[in-house]
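Here's the structure we're looking at; comments come further down.
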Amino acid sequence: MRDVTRDVPAPDRRSFLKYTGALGAAATLTSSLSACSAGPESTNDTSGGGGGKDATLTAVIGYGNDGSWDPTQTASAFCMAANNHIYEGLLDTDPISREPYAALATQVPGDLGGTSWKFTLRKGATFHDGKPVTADDVVFVFDRILDPDTQTLAKGFFASWLKEVRKIDAQNVELVLKFPFPEGLSRLTLAKIMPKHVFSRPGAWDDAIKGKAVGSGPYRQTAHHPKSNTTFEAFTDYNGPRPPAFKKMNWLTIVDAAPRVARISGAGAGAQIADNIPYANIDQLKKGGLSVAGGAGMNNLFLMFNTKHKPFDDVRVRQALHYAIDTEKMVEVALKGHGRPSSSFLNEGNPSYRRAKTVYDYDPDKAKALLEAAGVKGLRVEILSVNVSWIVDCLPTVKASWDAIGVETTLSPQETTAVFTKMDQKQDYQVVAAASNPNQFGLDADLIMHYNYGPQNLWMQYARWADTAVAKQLFRDMDQATREPDAEKKKAMVQDYVDVVAEQAVLYPVVHNELMTAWAPARLAGIRAQPYPGINLLQAKWA
């Protein structure tokens, strides 16, 4: 049996992108654009402009709603955002600070130094079908996550530190940890509690993937139209900490930038909020009276090298190509100032951030010297890239930078599924450029790094690097840091192994960039732009 205690496991590779949407922004491109301009007439209610208590809030999401809706499986931006309104964890987290708060549980545990966390369920909590939430539902979800024979994305967030979940009685459960792990509290939001009586039925998990959603949260799903829209209404029996402020919500999926911007702008705007706003449209929307704000986090353009394709097995070549990129120009021209050159794998706002010992500041002379030291001449490189709009905007800077040091560069942007199908099939490639944002899952550096690096990790399988001596030592260091009980020592251990990741430059960010959200301040209050895809309206209200 393969070790699933350290890494975010994939389902079978063929379904990885389909089920999880794990590339965040990159996953938008597989949807049919022609179907995304509006919802079906019966659900295309955009009457929220008046701000009355019965108005419908209309949101435009720049990501597809046709990924997996199974909370144990998904990394789809749309579906994760929606599930945060439909479901609850024992604890949930603030969308910005990621501080945990009591959701289905009555309180946040105070003693985090032990290996037992006990939770009492909120009295009177019910699912959207009227059935009560019980300890059996909690155990049901965690049993699925921890089941060694069931491959879920959530397993990689829990299996390393969580031993089991026990029912004490109908209203109380105990989480038994393998070792003290305070960071686990904020991860409990990733284990959304689902009704056993619904999802234990034959075929129910397939239904969950396709969009069936029954939770205990403040909003219940009322209709779901893949590649078009999903609708919600306030759950009148909700008695938790985030009561619904909108009687109805209609979330449109519009992955093409132009119609997405058009839907929220102008006198006849049909929506009050939209995410994934292109940088080029910010001034236009602000002049039209909208608020536009960004969230800076782990969203990044990364390069991933095929280390079995020479000369990319040589760390000097990988470093040379990073040093050669004029990242300041990329931020200025492609990102319109809404980003920063990467100075670590982690973004500068991460609590565990430390400037890496190896930082790829623009240095073409050093790049040339490294290539010469590696004995590389006349190198020709094809960059296999996802065709996400902001990634495509950045690629000309990469090409110009590499051409300038004598590396003849060809750009090959393709749809996300095409790019990763080639790697799933173990086709040869040289370099991949794509987007990623593990902040969807949290700020926890241990989680972020294990999402990207590990012996069974999908990304490492793509990079074909995991069997090297340096990689094996890195993975041992990562595991040791996970188990370190002292918070400051753990932080230092993480920072030290991130230095190794930076030096090796196998899968490494080039720039970290902001994600922009626009909304109508005359209609909505309490909006906070988040540094990862999607929106969170649990503390928003009509203005």
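Naming works like this for the structure tokens: A, B, ... for the chains as they're shown, residue 1 at the start of each chain, ligands 1 onward in shown order.
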Counting only C-alpha atoms, which residues of stretch 63-83 of chain A sit at most 12 Å from some atom of stretch 90-104 of chain A, and what is each one's closest atom pair with its distance in Å to one decimal, listed by chain and rising residue number, as a tab-separated table?
```
residue	atom	partner	partner_atom	distance
A:Met80	CA	A:Pro95	CA	12.0
A:Ala81	CA	A:Pro95	CA	10.1
A:Asn83	CA	A:Asp92	CA	11.8
```
May I have the residues from that selection written out with C-alpha atoms, as a compact mmCIF listing (two decimals), in the first residue's frame?
```txt
# COMPACT_ATOMS: atom_id res chain seq x y z
CA MET A 80 -15.17 25.19 -2.61
CA ALA A 81 -16.55 28.72 -2.28
CA ASN A 83 -19.57 24.63 -0.16
```
Helix (DSSP H, G or I) positions in stretch 305-519 of chain A, given as a PyMOL selection string: chain A and resi 315-323+327-333+364-373+389-404+416-424+438-440+445-452+458-463+469-483+487-504
Selection export as a short mmCIF file (atom, residue, chain, number, x, y, z; two decimals), in the first residue's frame, atoms kept: C-alpha atoms:
```cif
data_model
loop_
_atom_site.label_atom_id
_atom_site.label_comp_id
_atom_site.auth_asym_id
_atom_site.auth_seq_id
_atom_site.Cartn_x
_atom_site.Cartn_y
_atom_site.Cartn_z
CA VAL A 315 20.28 22.20 -10.76
CA ARG A 316 22.55 24.83 -12.33
CA VAL A 317 20.43 24.85 -15.48
CA ARG A 318 17.20 25.20 -13.52
CA GLN A 319 18.70 28.04 -11.51
CA ALA A 320 20.06 29.73 -14.61
CA LEU A 321 16.64 29.88 -16.24
CA HIS A 322 15.14 31.44 -13.09
CA TYR A 323 17.93 34.02 -12.75
CA THR A 327 10.57 39.45 -12.99
CA GLU A 328 10.29 43.17 -12.22
CA LYS A 329 9.36 43.77 -15.86
CA MET A 330 6.85 40.91 -15.68
CA VAL A 331 5.18 42.48 -12.64
CA GLU A 332 5.09 45.91 -14.28
CA VAL A 333 3.96 44.93 -17.78
CA PRO A 364 21.38 37.45 -16.78
CA ASP A 365 25.16 37.37 -16.34
CA LYS A 366 24.85 34.85 -13.53
CA ALA A 367 22.44 32.84 -15.67
CA LYS A 368 24.97 32.68 -18.50
CA ALA A 369 27.75 31.68 -16.09
CA LEU A 370 25.65 28.84 -14.64
CA LEU A 371 24.85 27.49 -18.10
CA GLU A 372 28.52 27.65 -19.02
CA ALA A 373 29.50 25.85 -15.80
CA SER A 389 -5.04 34.81 -19.49
CA TRP A 390 -2.67 36.30 -16.89
CA ILE A 391 -0.20 33.44 -17.38
CA VAL A 392 -0.22 34.03 -21.13
CA ASP A 393 0.41 37.73 -20.43
CA CYS A 394 3.54 36.79 -18.44
CA LEU A 395 5.03 34.36 -20.96
CA PRO A 396 6.49 36.91 -23.43
CA THR A 397 8.73 38.22 -20.65
CA VAL A 398 10.01 34.70 -20.01
CA LYS A 399 10.68 34.14 -23.70
CA ALA A 400 12.44 37.49 -24.16
CA SER A 401 14.55 36.88 -21.05
CA TRP A 402 15.64 33.41 -22.11
CA ASP A 403 16.24 34.41 -25.73
CA ALA A 404 18.51 37.18 -24.41
CA THR A 416 -5.11 22.91 -18.87
CA THR A 417 -6.48 19.45 -19.54
CA ALA A 418 -4.29 19.10 -22.62
CA VAL A 419 -1.17 20.10 -20.71
CA PHE A 420 -1.66 17.67 -17.87
CA THR A 421 -3.00 14.86 -20.00
CA LYS A 422 0.42 14.84 -21.64
CA MET A 423 2.10 14.42 -18.28
CA ASP A 424 -0.47 11.86 -17.10
CA PRO A 438 -2.94 26.30 -2.20
CA ASN A 439 -4.34 29.14 -0.05
CA GLN A 440 -7.74 27.70 -0.93
CA ALA A 445 2.98 26.25 5.56
CA ASP A 446 3.11 22.51 6.33
CA LEU A 447 -0.08 22.01 4.32
CA ILE A 448 1.11 24.20 1.44
CA MET A 449 4.47 22.48 1.12
CA HIS A 450 3.05 18.95 1.34
CA TYR A 451 0.51 19.91 -1.31
CA ASN A 452 3.42 20.50 -3.69
CA LEU A 458 1.34 14.22 -8.02
CA TRP A 459 3.47 17.26 -8.81
CA MET A 460 6.64 15.36 -7.95
CA GLN A 461 5.51 12.54 -10.22
CA TYR A 462 5.16 15.10 -13.00
CA ALA A 463 8.60 16.58 -12.25
CA ALA A 469 18.86 11.69 -2.92
CA VAL A 470 18.20 15.40 -2.38
CA ALA A 471 14.45 14.85 -2.67
CA LYS A 472 14.43 11.94 -0.25
CA GLN A 473 16.28 13.97 2.38
CA LEU A 474 13.92 16.90 1.79
CA PHE A 475 10.89 14.68 2.39
CA ARG A 476 12.43 13.35 5.62
CA ASP A 477 13.04 16.91 6.80
CA MET A 478 9.44 17.84 5.96
CA ASP A 479 8.08 14.89 7.94
CA GLN A 480 10.24 15.77 10.93
CA ALA A 481 8.98 19.36 10.86
CA THR A 482 5.37 18.15 10.82
CA ARG A 483 5.94 16.26 14.07
CA ALA A 487 5.99 26.13 17.23
CA GLU A 488 9.10 28.25 16.81
CA LYS A 489 11.33 25.25 16.12
CA LYS A 490 8.80 23.97 13.59
CA LYS A 491 8.73 27.34 11.85
CA ALA A 492 12.52 27.36 11.61
CA MET A 493 12.55 23.79 10.28
CA VAL A 494 10.00 24.71 7.61
CA GLN A 495 12.03 27.75 6.62
CA ASP A 496 15.17 25.62 6.37
CA TYR A 497 13.61 23.05 4.06
CA VAL A 498 11.99 25.79 1.98
CA ASP A 499 15.57 26.98 1.39
CA VAL A 500 16.28 23.56 -0.15
CA VAL A 501 13.17 23.83 -2.33
CA ALA A 502 14.35 27.27 -3.48
CA GLU A 503 17.87 26.08 -4.24
CA GLN A 504 16.66 23.06 -6.23
#
```
Pick from A:Asn536, A:Gln414, A:Asn300, A:Thr409, whichever lies nearest to A:Cys79 using only C-alpha atoms: A:Asn536
Selection: 10 Å around stretch 211-216 of chain A, only C-alpha atoms, excl. self and same-chain fewer than 2 positions, as number ranges by chain: A: 65-71, 79, 82-89, 103-104, 125-133, 192-195, 198-199, 204-209, 218-226, 230, 235, 237-240
For A:Leu57, the nearest of the candidates A:Ser76, A:Ala356, A:Leu537, A:Tyr453, counting only C-alpha atoms: A:Leu537
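One distance worth recording is that between atom CA of A:Met249 and atom CA of A:Gly288, which is 23.4 Å.
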Filtered DSSP result for stretch 129-261 of chain A, state strand (DSSP E), as an NGL selection string: :A and (162-169 or 172-177 or 219-225 or 229-234 or 248-253)
Just the selected residues (C-alpha atoms), exported as a short mmCIF file (atom, residue, chain, number, x, y, z; two decimals), in the first residue's frame, please.
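Done, and the output landed in selection18.cif:
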```cif
data_model
loop_
_atom_site.label_atom_id
_atom_site.label_comp_id
_atom_site.auth_asym_id
_atom_site.auth_seq_id
_atom_site.Cartn_x
_atom_site.Cartn_y
_atom_site.Cartn_z
CA LEU A 162 -5.20 12.38 12.87
CA LYS A 163 -5.53 8.79 14.08
CA GLU A 164 -9.32 8.41 14.36
CA VAL A 165 -12.60 10.10 15.25
CA ARG A 166 -14.75 8.45 17.93
CA LYS A 167 -18.41 8.88 18.80
CA ILE A 168 -18.89 9.55 22.52
CA ASP A 169 -22.67 9.93 22.32
CA ASN A 172 -20.24 14.50 21.33
CA VAL A 173 -17.18 13.29 19.42
CA GLU A 174 -13.48 12.87 20.14
CA LEU A 175 -10.65 13.41 17.69
CA VAL A 176 -7.63 11.26 18.56
CA LEU A 177 -4.33 12.64 17.25
CA TYR A 219 -27.58 28.57 2.60
CA ARG A 220 -29.08 25.58 0.87
CA GLN A 221 -28.60 24.78 -2.79
CA THR A 222 -31.81 25.14 -4.80
CA ALA A 223 -30.63 24.50 -8.37
CA HIS A 224 -27.42 23.54 -10.12
CA HIS A 225 -26.78 23.97 -13.84
CA ASN A 229 -25.17 28.85 -12.66
CA THR A 230 -25.98 27.59 -9.19
CA THR A 231 -28.68 29.06 -6.96
CA PHE A 232 -29.14 29.19 -3.21
CA GLU A 233 -31.66 30.35 -0.64
CA ALA A 234 -31.40 31.15 3.04
CA LYS A 248 -31.63 34.18 -2.38
CA MET A 249 -28.34 34.02 -4.25
CA ASN A 250 -27.59 33.29 -7.89
CA TRP A 251 -23.95 32.52 -8.72
CA LEU A 252 -23.14 32.67 -12.42
CA THR A 253 -20.07 30.95 -13.82
#
```
Spatial neighbours of A:Gly378, 8 Å, only C-alpha atoms, chain gap at least 4 places, as a PyMOL selection string: chain A and resi 406-408
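The protein and nucleic acid residues lying at most 9 Å from A:Gly184 are A:Phe157, A:Phe158, A:Trp161, A:Leu162, with only C-alpha atoms considered and sequence neighbours fewer than 6 positions away removed.
Across the model, the gap from atom CA of A:Phe312 to atom CA of A:Leu411 is 17.5 Å.
For A:Pro509, the residues within 10 Å (counting only C-alpha atoms, excluding itself and residues fewer than 3 positions away along the chain) are Met298, Asn299, Asn300, Leu301, Phe302, Leu303, Met304, His322, Pro341, Ser342, Ser343, Ser344, Phe345, Leu346, Asn347, Ala433, Ala434, Ala435, Ser436, Ala502, Ala505, Val506 and His512 of chain A.
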Interatomic distance, atom CA of A:Ala135 to atom CA of A:Val108 (Å, one decimal): 16.8 Å
For A:Lys336, the nearest of the candidates A:Asp313, A:Glu484, A:Glu514, A:Asp256, counting only C-alpha atoms: A:Glu514
